[in-house]
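Single-structure report; data block below.
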Amino acid sequence: MQVPKRLKKAYSNMNGRCYNPKTNGYKYYGGKGVIVCNEWLNDRNKFYEWALENGYENNLTLDRIKTEGNYEPNNCRWITHKEQQSNRTNNIFIEVDGEVKTISRWSQEIGIGAGVLKNRVNHGEKDIFKPVCLSVEIDGKIKALKDLSIENNIPYDVLKYRYDSGWDTKNMLDDIKNEMKLIKYNEKYYSVSELAKMSNGLTKETILMRISYGWKNEDLLKPLQKMGRPKKYIEINGEFRTKNEWCEISGISPALFYKRMKKGITGNDLLLPINKNKID
């Protein structure tokens with residue numbers, strides 16, 4: 001059986017999308033549980049036979065009928081770009097690893113808005129499937145949170161928390177490191193250093209972190225939870241604290257903190273608010 005080179009490439013691309021994490025499209029296929037049926041996976045000649053018997057030509061592309069389905073004979077077909085066209089004027093087709101779909105269909109599969117994809121295509125961007133960056137309007141300009149984090153020396157996870165919590169953009173860049181900033185506590189104003197001295201052993205860093213995570217002023221001096229057993233210290237950004245102390249500072253539960261540690265999560269990601277992070 002003489003197999004066209006393009007058909008061999010189609011078979012290779014199909015397997016790569018499903019089983020090779022280094023392939024660009026893997027996270028949208030194998031990463032989402034899409035597989036190749038055993039008949040084709042174990043014997044490429046079966047795939048070639050099916051393709052040649054079901055209308056394969058060099059100008060056609062492999063298409064899954066049901067996007068949530070697998071690569072198998074009853075869910076695949078060979079179609080042309082022209083056959084994919086409909087009467088809708090907003091149809092734009094994108095080819096990734098040999099598979100062609102409309103922007104709307106790609107949008108449904110990868111979770112990025114169709115408008116975003118279309119805009120990226122129109123601007124000739126190479127990586128149109130890159131994650132969407134969160135942005136806010138500051139002083140009349142649209143700025144990405146990552147850029148604001150770098151420019152203002154504020155941790156990205158702090159800005160992300162403020163964004164998700166609906167903070168006013170005027171307050172999102174509040175300086176969390178200014179120890180001379182006056183904080184209202186019990187109807188009076190104190191500096192962070194003064195609050196630390198008033199507390200029962202809290203450090204300035206702990207109070208600043210509580211402020212950055214939106215703690216109410218009346219709770220800023222809440223004592224850290226005591227532990228009756230030997231303490232195990234965890235390092236985050238060069239600071240060593242117990243699990244419960246970190247939980248008190250960030251406001252997350254010890255159970256969630258432990259779950260994240262079991263997943264191998266480290267650093268500031270351990271302290272992200274509940275339900276605000278995909279890692280949960």
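Ordered as shown in the structure tokens, chains take letters A, B, and onward, while each chain numbers its residues from 1 and ligands are numbered from 1 in the order shown.
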What are the nearest atom pairs, with distances in Å to one decimal, for all residues of range 151-254 of chain A that come at most 10 Å from range 115-137 of chain A, using only C-alpha atoms, set out by chain and rising residue number as JSON lines?
```
{"residue": "A:Lys160", "atom": "CA", "partner": "A:Leu134", "partner_atom": "CA", "distance": 8.3}
{"residue": "A:Tyr163", "atom": "CA", "partner": "A:Val136", "partner_atom": "CA", "distance": 8.5}
{"residue": "A:Thr169", "atom": "CA", "partner": "A:Glu137", "partner_atom": "CA", "distance": 7.3}
{"residue": "A:Lys170", "atom": "CA", "partner": "A:Glu137", "partner_atom": "CA", "distance": 9.6}
{"residue": "A:Met172", "atom": "CA", "partner": "A:Val136", "partner_atom": "CA", "distance": 9.6}
```
Neighbouring residues of Glu194 in chain A were defined as those with any atom within 12 Å, considering only C-alpha atoms; residues of the same chain fewer than 3 positions away were excluded. Please report them as a list of chain:residue names. A:Glu179, A:Met180, A:Lys181, A:Leu182, A:Ile183, A:Lys184, A:Tyr185, A:Lys188, A:Tyr189, A:Tyr190, A:Ser191, A:Lys197, A:Met198, A:Ser199, A:Leu202, A:Thr203, A:Lys204, A:Ile207, A:Leu221
A straight line from CA of Glu205 in chain A to CA of Lys259 in chain A spans 24.9 Å
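For the pair CA of Gly140 in chain A and CA of Asn153 in chain A, the separation is 20.7 Å.
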Here CA of Ile65 in chain A and CA of Lys27 in chain A stand apart by 19.3 Å
Contacts between range 239-253 of chain A and range 203-229 of chain A, please, where a residue of range 203-229 of chain A counts if it comes within 10 Å (with only C-alpha atoms); show its shortest atom pair and distance in Å to one decimal, rows by chain and ascending number, as CSV.
```
residue,atom,partner,partner_atom,distance
A:Glu205,CA,A:Glu239,CA,9.4
A:Thr206,CA,A:Ile249,CA,6.5
A:Ile207,CA,A:Ile249,CA,8.1
A:Leu208,CA,A:Ile249,CA,9.5
A:Met209,CA,A:Ile249,CA,6.7
A:Arg210,CA,A:Ile249,CA,5.7
A:Ile211,CA,A:Ile249,CA,9.4
A:Ser212,CA,A:Ser250,CA,9.3
A:Tyr213,CA,A:Ser250,CA,6.6
A:Gly214,CA,A:Ser250,CA,9.4
A:Trp215,CA,A:Gly251,CA,8.5
A:Leu220,CA,A:Ile249,CA,9.4
A:Lys222,CA,A:Glu248,CA,8.8
A:Pro223,CA,A:Glu248,CA,8.6
A:Leu224,CA,A:Glu245,CA,5.8
A:Gln225,CA,A:Asn244,CA,6.3
A:Lys226,CA,A:Asn244,CA,7.9
A:Met227,CA,A:Asn244,CA,7.8
```
Could you take the residues named above and write them with N, CA and C atoms, as an mmCIF file, in the first residue's frame?
```
data_model
loop_
_atom_site.group_PDB
_atom_site.id
_atom_site.type_symbol
_atom_site.label_atom_id
_atom_site.label_comp_id
_atom_site.auth_asym_id
_atom_site.auth_seq_id
_atom_site.Cartn_x
_atom_site.Cartn_y
_atom_site.Cartn_z
ATOM 1 N N GLU A 205 6.201 42.608 58.942
ATOM 2 C CA GLU A 205 5.931 41.884 57.700
ATOM 3 C C GLU A 205 4.573 41.188 57.741
ATOM 4 N N THR A 206 4.237 40.632 58.909
ATOM 5 C CA THR A 206 2.946 39.952 59.049
ATOM 6 C C THR A 206 1.797 40.942 58.880
ATOM 7 N N ILE A 207 1.922 42.095 59.506
ATOM 8 C CA ILE A 207 0.865 43.105 59.415
ATOM 9 C C ILE A 207 0.739 43.618 57.984
ATOM 10 N N LEU A 208 1.882 43.863 57.316
ATOM 11 C CA LEU A 208 1.855 44.326 55.926
ATOM 12 C C LEU A 208 1.191 43.304 55.014
ATOM 13 N N MET A 209 1.495 42.014 55.243
ATOM 14 C CA MET A 209 0.896 40.974 54.412
ATOM 15 C C MET A 209 -0.616 40.910 54.635
ATOM 16 N N ARG A 210 -1.042 41.077 55.888
ATOM 17 C CA ARG A 210 -2.476 41.075 56.170
ATOM 18 C C ARG A 210 -3.163 42.242 55.465
ATOM 19 N N ILE A 211 -2.505 43.390 55.452
ATOM 20 C CA ILE A 211 -3.060 44.558 54.758
ATOM 21 C C ILE A 211 -3.182 44.272 53.273
ATOM 22 N N SER A 212 -2.127 43.669 52.690
ATOM 23 C CA SER A 212 -2.119 43.396 51.249
ATOM 24 C C SER A 212 -3.211 42.419 50.845
ATOM 25 N N TYR A 213 -3.607 41.515 51.767
ATOM 26 C CA TYR A 213 -4.654 40.549 51.470
ATOM 27 C C TYR A 213 -6.034 41.031 51.896
ATOM 28 N N GLY A 214 -6.125 42.309 52.235
ATOM 29 C CA GLY A 214 -7.429 42.897 52.473
ATOM 30 C C GLY A 214 -8.046 42.622 53.831
ATOM 31 N N TRP A 215 -7.236 42.319 54.833
ATOM 32 C CA TRP A 215 -7.789 42.097 56.176
ATOM 33 C C TRP A 215 -8.457 43.378 56.681
ATOM 34 N N LEU A 220 -6.249 43.280 62.206
ATOM 35 C CA LEU A 220 -4.826 43.295 61.862
ATOM 36 C C LEU A 220 -3.931 42.773 62.981
ATOM 37 N N LYS A 222 -4.750 40.499 65.246
ATOM 38 C CA LYS A 222 -5.213 39.205 65.737
ATOM 39 C C LYS A 222 -4.006 38.287 65.972
ATOM 40 N N PRO A 223 -3.896 37.680 67.157
ATOM 41 C CA PRO A 223 -2.716 36.831 67.450
ATOM 42 C C PRO A 223 -2.624 35.646 66.496
ATOM 43 N N LEU A 224 -1.403 35.237 66.225
ATOM 44 C CA LEU A 224 -1.185 34.046 65.421
ATOM 45 C C LEU A 224 -1.606 32.816 66.209
ATOM 46 N N GLN A 225 -2.106 31.815 65.510
ATOM 47 C CA GLN A 225 -2.559 30.587 66.167
ATOM 48 C C GLN A 225 -1.375 29.849 66.787
ATOM 49 N N LYS A 226 -1.561 29.417 68.018
ATOM 50 C CA LYS A 226 -0.514 28.678 68.718
ATOM 51 C C LYS A 226 -0.575 27.197 68.376
ATOM 52 N N MET A 227 0.589 26.544 68.359
ATOM 53 C CA MET A 227 0.663 25.109 68.090
ATOM 54 C C MET A 227 1.257 24.401 69.302
#
```
